[in-house]
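S.K.: The structure that follows is given in the form of C-alpha coordinates.
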Amino acid sequence: MMKLAKKDILGIQEMTVDEINLILETAESFLEISTREIKKVPTLRGKSIINLFYEASTRTRTSFEIAGKRLSADTINISASTSSVVKGETLIDTARNLEAMNPDIIVLRHSAAGAPHLLASLVRQSIINAGDGAHEHPSQALLDMMTIREKKGRLAGLKVAIIGDILHSRVARSNIYGLSKMGARIVVAGPATMMPRNIEQMGVKACTKLEEAITDADVVMMLRIQLERQKQNIFPSLREYAQHYCLNRKNIKLAKPDAIVMHPGPINRGVEISPDIADDPACSVILDQVNNGVAVRMALLYLLSGGNE
(Lines give C-alpha, C1' and ligand atoms only; values in the text may rest on other atoms or scores of the structure.)
Protein backbone atom coordinates (compact mmCIF):
# COMPACT_ATOMS: atom_id res chain seq x y z
CA MET A 1 0.00 0.00 0.00
CA MET A 2 1.25 3.48 -0.85
CA LYS A 3 2.55 5.52 2.07
CA LEU A 4 1.57 9.15 2.62
CA ALA A 5 5.05 10.68 2.51
CA LYS A 6 4.10 13.87 4.30
CA LYS A 7 4.63 15.22 7.77
CA ASP A 8 1.76 17.70 7.39
CA ILE A 9 -1.50 18.29 5.52
CA LEU A 10 -1.33 21.98 4.60
CA GLY A 11 -3.18 22.25 1.29
CA ILE A 12 -4.51 20.48 -1.78
CA GLN A 13 -2.31 22.52 -4.12
CA GLU A 14 0.79 20.56 -3.08
CA MET A 15 -0.87 17.11 -3.21
CA THR A 16 -0.44 14.62 -6.02
CA VAL A 17 -3.28 12.67 -7.63
CA ASP A 18 -1.95 9.49 -5.98
CA GLU A 19 -2.00 11.13 -2.54
CA ILE A 20 -5.57 12.35 -3.03
CA ASN A 21 -6.65 8.88 -4.14
CA LEU A 22 -4.93 7.29 -1.13
CA ILE A 23 -6.74 9.61 1.28
CA LEU A 24 -10.11 9.08 -0.41
CA GLU A 25 -9.73 5.29 -0.50
CA THR A 26 -8.65 5.23 3.15
CA ALA A 27 -11.64 7.41 4.10
CA GLU A 28 -14.00 5.10 2.23
CA SER A 29 -12.69 2.18 4.28
CA PHE A 30 -13.50 4.09 7.49
CA LEU A 31 -17.13 4.82 6.59
CA GLU A 32 -18.28 1.48 7.95
CA ILE A 33 -17.07 2.31 11.46
CA SER A 34 -19.70 5.05 11.77
CA THR A 35 -22.47 2.49 11.23
CA ARG A 36 -21.41 0.20 14.07
CA GLU A 37 -23.17 0.03 17.40
CA ILE A 38 -19.83 0.77 19.07
CA LYS A 39 -18.21 3.36 16.83
CA LYS A 40 -14.63 2.88 17.94
CA VAL A 41 -11.44 1.08 16.86
CA PRO A 42 -8.13 0.97 18.77
CA THR A 43 -6.02 2.15 15.81
CA LEU A 44 -4.60 5.36 17.37
CA ARG A 45 -4.69 4.35 21.02
CA GLY A 46 -1.96 6.24 22.87
CA LYS A 47 -1.83 9.08 20.32
CA SER A 48 -2.69 12.67 21.33
CA ILE A 49 -4.39 15.17 19.02
CA ILE A 50 -4.87 18.87 19.77
CA ASN A 51 -7.56 20.83 17.91
CA LEU A 52 -6.40 24.46 18.07
CA PHE A 53 -9.13 26.70 16.68
CA TYR A 54 -8.72 30.46 16.42
CA GLU A 55 -11.99 30.78 14.46
CA ALA A 56 -15.52 29.60 15.13
CA SER A 57 -16.42 26.19 13.75
CA THR A 58 -19.12 23.56 14.14
CA ARG A 59 -18.64 20.87 11.48
CA THR A 60 -14.85 20.91 11.10
CA ARG A 61 -13.96 21.04 14.78
CA THR A 62 -16.58 18.50 15.85
CA SER A 63 -15.72 16.06 13.08
CA PHE A 64 -12.00 16.22 13.85
CA GLU A 65 -12.82 15.54 17.50
CA ILE A 66 -15.14 12.64 16.62
CA ALA A 67 -12.58 11.30 14.13
CA GLY A 68 -9.87 11.23 16.77
CA LYS A 69 -12.10 9.58 19.37
CA ARG A 70 -13.36 6.93 16.94
CA LEU A 71 -9.73 5.99 16.37
CA SER A 72 -9.22 5.89 20.19
CA ALA A 73 -6.83 8.86 20.25
CA ASP A 74 -6.83 11.33 23.16
CA THR A 75 -8.37 14.51 21.73
CA ILE A 76 -7.99 17.95 23.29
CA ASN A 77 -9.89 21.01 22.05
CA ILE A 78 -8.54 24.53 22.50
CA SER A 79 -10.41 27.69 21.46
CA ALA A 80 -8.61 31.02 21.21
CA SER A 81 -11.34 32.65 23.30
CA THR A 82 -10.61 30.36 26.26
CA SER A 83 -6.83 30.17 25.95
CA SER A 84 -3.85 32.41 26.75
CA VAL A 85 -4.36 34.09 23.38
CA VAL A 86 -6.72 36.48 25.17
CA LYS A 87 -3.77 37.39 27.41
CA GLY A 88 -1.61 38.29 24.43
CA GLU A 89 0.20 35.01 23.76
CA THR A 90 1.36 34.69 20.16
CA LEU A 91 0.59 31.75 17.89
CA ILE A 92 4.29 30.82 17.90
CA ASP A 93 4.49 30.77 21.71
CA THR A 94 1.26 28.79 21.92
CA ALA A 95 2.62 26.26 19.44
CA ARG A 96 5.94 25.88 21.27
CA ASN A 97 4.17 25.34 24.56
CA LEU A 98 1.93 22.72 23.00
CA GLU A 99 4.96 21.07 21.40
CA ALA A 100 6.53 20.77 24.83
CA MET A 101 3.56 18.67 25.94
CA ASN A 102 4.41 16.14 23.19
CA PRO A 103 1.14 15.69 21.29
CA ASP A 104 1.30 13.78 18.00
CA ILE A 105 -0.86 15.97 15.75
CA ILE A 106 -2.03 19.59 15.94
CA VAL A 107 -5.10 20.55 13.91
CA LEU A 108 -5.10 24.32 13.34
CA ARG A 109 -7.75 26.74 12.11
CA HIS A 110 -6.63 30.35 11.88
CA SER A 111 -7.79 33.58 10.24
CA ALA A 112 -4.32 34.28 8.82
CA ALA A 113 -3.38 32.61 5.54
CA GLY A 114 -0.19 30.63 6.01
CA ALA A 115 -0.52 30.12 9.78
CA PRO A 116 -0.44 26.28 9.51
CA HIS A 117 2.63 26.49 7.27
CA LEU A 118 4.39 28.62 9.89
CA LEU A 119 3.58 26.10 12.61
CA ALA A 120 4.72 23.20 10.46
CA SER A 121 8.11 24.84 10.05
CA LEU A 122 8.49 25.40 13.80
CA VAL A 123 7.27 22.23 15.53
CA ARG A 124 8.07 18.55 15.04
CA GLN A 125 4.43 17.47 15.30
CA SER A 126 2.26 16.90 12.25
CA ILE A 127 0.08 19.91 11.40
CA ILE A 128 -3.30 19.65 9.69
CA ASN A 129 -4.70 22.81 8.15
CA ALA A 130 -8.37 23.07 9.18
CA GLY A 131 -8.74 26.35 7.28
CA ASP A 132 -6.36 29.30 7.05
CA GLY A 133 -7.94 32.63 6.20
CA ALA A 134 -9.12 32.76 2.59
CA HIS A 135 -6.30 30.43 1.51
CA GLU A 136 -7.16 26.70 1.76
CA HIS A 137 -9.37 24.18 3.54
CA PRO A 138 -7.94 20.83 2.40
CA SER A 139 -10.08 18.44 4.46
CA GLN A 140 -13.26 20.12 3.16
CA ALA A 141 -12.16 19.66 -0.45
CA LEU A 142 -11.30 16.03 0.24
CA LEU A 143 -14.71 15.29 1.76
CA ASP A 144 -16.35 17.09 -1.16
CA MET A 145 -14.41 14.96 -3.65
CA MET A 146 -15.30 11.84 -1.66
CA THR A 147 -18.99 12.76 -1.76
CA ILE A 148 -18.96 13.47 -5.50
CA ARG A 149 -17.18 10.19 -6.20
CA GLU A 150 -19.63 8.35 -3.96
CA LYS A 151 -22.64 9.80 -5.80
CA LYS A 152 -21.26 9.94 -9.35
CA GLY A 153 -18.78 7.09 -9.35
CA ARG A 154 -16.02 9.32 -10.72
CA LEU A 155 -14.52 12.80 -10.74
CA ALA A 156 -12.92 12.92 -14.16
CA GLY A 157 -15.06 14.49 -16.87
CA LEU A 158 -17.72 15.96 -14.55
CA LYS A 159 -18.82 19.58 -14.84
CA VAL A 160 -18.71 21.20 -11.40
CA ALA A 161 -20.24 24.65 -10.90
CA ILE A 162 -19.04 26.60 -7.84
CA ILE A 163 -21.25 29.60 -7.06
CA GLY A 164 -20.88 32.50 -4.66
CA ASP A 165 -18.14 34.39 -2.87
CA ILE A 166 -15.18 32.87 -4.71
CA LEU A 167 -12.81 35.66 -3.69
CA HIS A 168 -12.93 34.95 0.04
CA SER A 169 -13.59 31.19 -0.06
CA ARG A 170 -10.84 28.80 1.02
CA VAL A 171 -13.29 25.99 0.19
CA ALA A 172 -13.52 27.14 -3.43
CA ARG A 173 -9.74 27.41 -3.74
CA SER A 174 -9.06 23.92 -2.35
CA ASN A 175 -11.81 22.39 -4.48
CA ILE A 176 -10.49 24.06 -7.61
CA TYR A 177 -7.03 22.62 -6.94
CA GLY A 178 -8.35 19.16 -6.10
CA LEU A 179 -11.07 18.73 -8.68
CA SER A 180 -8.82 20.04 -11.45
CA LYS A 181 -6.13 17.51 -10.55
CA MET A 182 -8.75 14.76 -10.64
CA GLY A 183 -9.96 15.70 -14.13
CA ALA A 184 -13.19 17.60 -13.45
CA ARG A 185 -14.20 20.68 -15.45
CA ILE A 186 -14.93 23.67 -13.20
CA VAL A 187 -17.02 26.77 -13.80
CA VAL A 188 -17.21 29.47 -11.13
CA ALA A 189 -19.81 32.21 -10.88
CA GLY A 190 -20.49 35.14 -8.61
CA PRO A 191 -20.62 38.93 -8.56
CA ALA A 192 -17.62 40.54 -10.24
CA THR A 193 -16.67 42.04 -6.86
CA MET A 194 -16.44 38.51 -5.39
CA MET A 195 -14.31 37.05 -8.16
CA PRO A 196 -10.50 36.89 -7.84
CA ARG A 197 -8.53 38.61 -10.57
CA ASN A 198 -7.17 36.28 -13.25
CA ILE A 199 -8.94 33.27 -11.73
CA GLU A 200 -8.94 31.69 -15.18
CA GLN A 201 -5.23 31.07 -14.61
CA MET A 202 -6.31 28.38 -12.13
CA GLY A 203 -7.81 26.46 -15.06
CA VAL A 204 -11.47 27.36 -14.50
CA LYS A 205 -14.07 29.17 -16.53
CA ALA A 206 -15.45 32.27 -14.78
CA CYS A 207 -18.77 34.01 -15.35
CA THR A 208 -21.03 36.41 -13.50
CA LYS A 209 -24.35 34.64 -14.12
CA LEU A 210 -25.45 31.67 -12.04
CA GLU A 211 -27.59 30.38 -14.91
CA GLU A 212 -24.63 30.16 -17.27
CA ALA A 213 -22.49 28.31 -14.73
CA ILE A 214 -25.01 25.65 -13.70
CA THR A 215 -26.29 24.80 -17.19
CA ASP A 216 -25.64 21.07 -17.75
CA ALA A 217 -23.68 20.84 -14.50
CA ASP A 218 -23.24 17.44 -12.82
CA VAL A 219 -22.46 19.09 -9.48
CA VAL A 220 -23.61 22.47 -8.14
CA MET A 221 -21.62 23.70 -5.14
CA MET A 222 -23.04 26.76 -3.38
CA LEU A 223 -20.87 28.93 -1.13
CA ARG A 224 -21.65 31.16 1.81
CA ILE A 225 -20.99 34.89 1.57
CA GLN A 226 -17.92 35.44 3.75
CA LEU A 227 -19.11 38.62 5.44
CA GLU A 228 -16.47 38.30 8.18
CA ARG A 229 -13.65 38.46 5.59
CA GLN A 230 -14.98 41.35 3.52
CA LYS A 231 -13.29 44.67 4.21
CA GLN A 232 -16.13 46.67 2.66
CA ASN A 233 -19.62 46.21 1.27
CA ILE A 234 -19.10 44.57 -2.12
CA PHE A 235 -22.76 44.00 -3.00
CA PRO A 236 -25.83 46.17 -2.46
CA SER A 237 -27.88 43.89 -0.18
CA LEU A 238 -28.55 40.26 0.70
CA ARG A 239 -31.92 40.55 -1.01
CA GLU A 240 -30.35 41.64 -4.29
CA TYR A 241 -27.67 38.96 -4.01
CA ALA A 242 -30.36 36.32 -3.51
CA GLN A 243 -32.27 37.53 -6.58
CA HIS A 244 -29.27 36.73 -8.79
CA TYR A 245 -27.34 33.96 -7.01
CA CYS A 246 -29.75 31.91 -4.90
CA LEU A 247 -30.15 28.34 -6.12
CA ASN A 248 -33.87 27.60 -6.30
CA ARG A 249 -36.41 25.24 -7.79
CA LYS A 250 -36.54 27.20 -11.04
CA ASN A 251 -32.88 27.61 -11.93
CA ILE A 252 -31.79 24.15 -10.74
CA LYS A 253 -33.63 22.80 -13.80
CA LEU A 254 -30.77 24.14 -15.92
CA ALA A 255 -28.40 21.59 -14.38
CA LYS A 256 -28.47 17.95 -15.42
CA PRO A 257 -31.54 16.02 -14.17
CA ASP A 258 -29.35 13.93 -11.85
CA ALA A 259 -27.19 16.83 -10.64
CA ILE A 260 -26.23 16.90 -6.98
CA VAL A 261 -26.24 20.04 -4.82
CA MET A 262 -23.49 20.69 -2.27
CA HIS A 263 -22.78 23.30 0.40
CA PRO A 264 -19.89 23.36 2.92
CA GLY A 265 -22.04 25.08 5.56
CA PRO A 266 -23.15 26.98 7.42
CA ILE A 267 -26.10 27.64 5.14
CA ASN A 268 -27.77 31.02 4.84
CA ARG A 269 -31.18 29.78 3.80
CA GLY A 270 -32.87 31.92 1.19
CA VAL A 271 -29.64 33.77 0.41
CA GLU A 272 -27.41 31.31 -1.46
CA ILE A 273 -29.82 28.37 -1.51
CA SER A 274 -33.55 28.00 -1.04
CA PRO A 275 -34.70 25.77 1.85
CA ASP A 276 -36.60 23.38 -0.41
CA ILE A 277 -33.43 22.66 -2.41
CA ALA A 278 -31.19 22.37 0.66
CA ASP A 279 -33.57 19.81 2.19
CA ASP A 280 -34.43 17.89 -0.99
CA PRO A 281 -33.07 14.33 -0.69
CA ALA A 282 -33.39 13.91 -4.45
CA CYS A 283 -30.53 16.34 -5.10
CA SER A 284 -29.03 17.67 -1.87
CA VAL A 285 -26.00 15.79 -0.52
CA ILE A 286 -25.19 18.35 2.19
CA LEU A 287 -25.62 15.91 5.07
CA ASP A 288 -23.66 13.26 3.16
CA GLN A 289 -20.81 15.77 3.08
CA VAL A 290 -20.98 16.06 6.87
CA ASN A 291 -20.95 12.27 7.31
CA ASN A 292 -18.04 11.86 4.90
CA GLY A 293 -16.18 14.62 6.72
CA VAL A 294 -15.69 12.37 9.74
CA ALA A 295 -14.31 9.56 7.56
CA VAL A 296 -11.93 11.89 5.69
CA ARG A 297 -10.58 13.33 8.93
CA MET A 298 -10.16 9.84 10.35
CA ALA A 299 -8.13 9.00 7.25
CA LEU A 300 -5.91 12.06 7.65
CA LEU A 301 -5.20 11.31 11.33
CA TYR A 302 -4.56 7.65 10.55
CA LEU A 303 -2.22 8.28 7.61
CA LEU A 304 -0.21 11.00 9.36
CA SER A 305 0.21 8.66 12.35
CA GLY A 306 1.86 6.06 10.14
CA GLY A 307 -1.21 3.83 10.17
CA ASN A 308 -0.62 2.85 6.55
CA GLU A 309 2.69 1.19 7.30
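Labeling convention for the C-alpha coordinates: chains A, B, ... as they appear, residues from 1 per chain, ligands from 1 in order of appearance.
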Quick one: everything within 8 Å of stretch 203-215 of chain A, counting only C-alpha atoms, minus sequence neighbours fewer than 3 positions away in the same chain. Send it as a PyMOL selection string.
M.R.: chain A and resi 161-163+176+180+185-192+199-200+220+244-245+251-252+254-256
S.K.: Tell me which protein, DNA and RNA residues are within 12 Å of stretch 275-287 of chain A, counting only C-alpha atoms, leaving out same-chain ones fewer than 2 positions away, and put them as number ranges by chain.
M.R.: A: 59, 143-144, 146-152, 218-223, 246-253, 255-273, 289-294
S.K.: Enumerate, as a PyMOL selection string, the complete set of residues in stretch 5-183 of chain A that a backbone-based DSSP assignment places in strand (DSSP E or B).
M.R.: chain A and resi 9+48-53+74-79+105-110+126-132+136+159-163
S.K.: Please save N, CA, C and O atoms of the selected residues as a CSV table (one decimal), in the first residue's frame.
M.R.:
chain,number,residue,atom,x,y,z
A,9,ILE,N,-0.5,18.1,6.5
A,9,ILE,CA,-1.5,18.3,5.5
A,9,ILE,C,-1.8,19.8,5.5
A,9,ILE,O,-2.5,20.3,6.4
A,48,SER,N,-2.0,11.5,20.8
A,48,SER,CA,-2.7,12.7,21.3
A,48,SER,C,-2.9,13.7,20.2
A,48,SER,O,-1.9,13.9,19.4
A,49,ILE,N,-4.1,14.2,20.1
A,49,ILE,CA,-4.4,15.2,19.0
A,49,ILE,C,-4.9,16.4,19.7
A,49,ILE,O,-5.9,16.4,20.5
A,50,ILE,N,-4.4,17.6,19.3
A,50,ILE,CA,-4.9,18.9,19.8
A,50,ILE,C,-5.6,19.6,18.6
A,50,ILE,O,-5.0,19.8,17.6
A,51,ASN,N,-6.8,20.0,18.8
A,51,ASN,CA,-7.6,20.8,17.9
A,51,ASN,C,-7.5,22.3,18.4
A,51,ASN,O,-8.1,22.6,19.4
A,52,LEU,N,-6.7,23.1,17.7
A,52,LEU,CA,-6.4,24.5,18.1
A,52,LEU,C,-7.1,25.4,17.1
A,52,LEU,O,-6.7,25.6,16.0
A,53,PHE,N,-8.3,25.9,17.6
A,53,PHE,CA,-9.1,26.7,16.7
A,53,PHE,C,-9.2,28.2,17.1
A,53,PHE,O,-9.7,28.5,18.2
A,74,ASP,N,-6.5,10.3,22.2
A,74,ASP,CA,-6.8,11.3,23.2
A,74,ASP,C,-6.9,12.7,22.4
A,74,ASP,O,-6.0,13.1,21.8
A,75,THR,N,-8.1,13.3,22.5
A,75,THR,CA,-8.4,14.5,21.7
A,75,THR,C,-8.6,15.7,22.7
A,75,THR,O,-9.4,15.6,23.6
A,76,ILE,N,-7.9,16.8,22.4
A,76,ILE,CA,-8.0,18.0,23.3
A,76,ILE,C,-8.4,19.1,22.4
A,76,ILE,O,-7.8,19.4,21.4
A,77,ASN,N,-9.4,19.9,22.8
A,77,ASN,CA,-9.9,21.0,22.1
A,77,ASN,C,-9.5,22.3,22.7
A,77,ASN,O,-9.7,22.5,24.0
A,78,ILE,N,-8.9,23.2,22.0
A,78,ILE,CA,-8.5,24.5,22.5
A,78,ILE,C,-9.1,25.6,21.6
A,78,ILE,O,-8.9,25.6,20.4
A,79,SER,N,-9.9,26.5,22.2
A,79,SER,CA,-10.4,27.7,21.5
A,79,SER,C,-9.6,28.9,21.9
A,79,SER,O,-9.2,29.1,23.0
A,105,ILE,N,-0.3,15.2,16.9
A,105,ILE,CA,-0.9,16.0,15.7
A,105,ILE,C,-1.5,17.2,16.3
A,105,ILE,O,-2.2,17.2,17.3
A,106,ILE,N,-1.3,18.3,15.6
A,106,ILE,CA,-2.0,19.6,15.9
A,106,ILE,C,-2.9,20.0,14.7
A,106,ILE,O,-2.4,20.1,13.6
A,107,VAL,N,-4.2,20.1,15.0
A,107,VAL,CA,-5.1,20.6,13.9
A,107,VAL,C,-5.3,22.0,14.1
A,107,VAL,O,-5.8,22.4,15.2
A,108,LEU,N,-5.0,22.9,13.1
A,108,LEU,CA,-5.1,24.3,13.3
A,108,LEU,C,-6.1,25.0,12.4
A,108,LEU,O,-6.0,24.8,11.2
A,109,ARG,N,-7.0,25.8,12.9
A,109,ARG,CA,-7.7,26.7,12.1
A,109,ARG,C,-7.4,28.1,12.5
A,109,ARG,O,-7.4,28.4,13.7
A,110,HIS,N,-7.1,29.0,11.6
A,110,HIS,CA,-6.6,30.4,11.9
A,110,HIS,C,-7.1,31.3,10.8
A,110,HIS,O,-7.2,30.9,9.6
A,126,SER,N,3.0,16.7,13.5
A,126,SER,CA,2.3,16.9,12.2
A,126,SER,C,1.2,18.0,12.4
A,126,SER,O,0.5,18.0,13.4
A,127,ILE,N,1.1,18.8,11.4
A,127,ILE,CA,0.1,19.9,11.4
A,127,ILE,C,-1.0,19.6,10.3
A,127,ILE,O,-0.6,19.3,9.2
A,128,ILE,N,-2.2,19.7,10.7
A,128,ILE,CA,-3.3,19.6,9.7
A,128,ILE,C,-4.0,21.0,9.6
A,128,ILE,O,-4.4,21.6,10.6
A,129,ASN,N,-4.0,21.5,8.4
A,129,ASN,CA,-4.7,22.8,8.1
A,129,ASN,C,-6.2,22.6,8.1
A,129,ASN,O,-6.7,22.0,7.2
A,130,ALA,N,-6.9,23.2,9.1
A,130,ALA,CA,-8.4,23.1,9.2
A,130,ALA,C,-9.0,24.4,8.7
A,130,ALA,O,-10.2,24.6,9.0
A,131,GLY,N,-8.2,25.1,7.9
A,131,GLY,CA,-8.7,26.4,7.3
A,131,GLY,C,-7.9,27.5,7.7
A,131,GLY,O,-7.8,27.8,8.9
A,132,ASP,N,-7.2,28.2,6.7
A,132,ASP,CA,-6.4,29.3,7.0
A,132,ASP,C,-6.8,30.5,6.2
A,132,ASP,O,-6.5,30.6,5.0
A,136,GLU,N,-6.7,28.1,2.1
A,136,GLU,CA,-7.2,26.7,1.8
A,136,GLU,C,-7.9,26.1,2.9
A,136,GLU,O,-7.8,26.5,4.1
A,159,LYS,N,-18.8,18.1,-14.9
A,159,LYS,CA,-18.8,19.6,-14.8
A,159,LYS,C,-19.3,20.0,-13.4
A,159,LYS,O,-20.3,19.6,-13.0
A,160,VAL,N,-18.4,20.7,-12.8
A,160,VAL,CA,-18.7,21.2,-11.4
A,160,VAL,C,-18.8,22.7,-11.4
A,160,VAL,O,-17.9,23.4,-11.8
A,161,ALA,N,-20.0,23.2,-11.0
A,161,ALA,CA,-20.2,24.7,-10.9
A,161,ALA,C,-20.1,25.1,-9.4
A,161,ALA,O,-20.7,24.5,-8.6
A,162,ILE,N,-19.2,26.1,-9.2
A,162,ILE,CA,-19.0,26.6,-7.8
A,162,ILE,C,-19.5,28.0,-7.8
A,162,ILE,O,-19.0,28.9,-8.6
A,163,ILE,N,-20.5,28.3,-7.0
A,163,ILE,CA,-21.2,29.6,-7.1
A,163,ILE,C,-21.1,30.4,-5.8
A,163,ILE,O,-21.3,29.8,-4.7
S.K.: Do you have the atom CA of A:Arg170-atom CA of A:Gln13 distance handy?
M.R.: 11.8 Å
S.K.: Quick one: everything within 9 Å of A:Thr43, counting only C-alpha atoms, minus sequence neighbours fewer than 6 positions away in the same chain. Send it as number ranges by chain.
M.R.: A: 70-73, 302, 307
S.K.: Mind checking which residues fall within 10 Å of A:Val85, counting only C-alpha atoms, ignoring those fewer than 6 positions away in the same chain, and posting them as a VMD selection string?
M.R.: chain A and resid 54 79 91 93 to 94
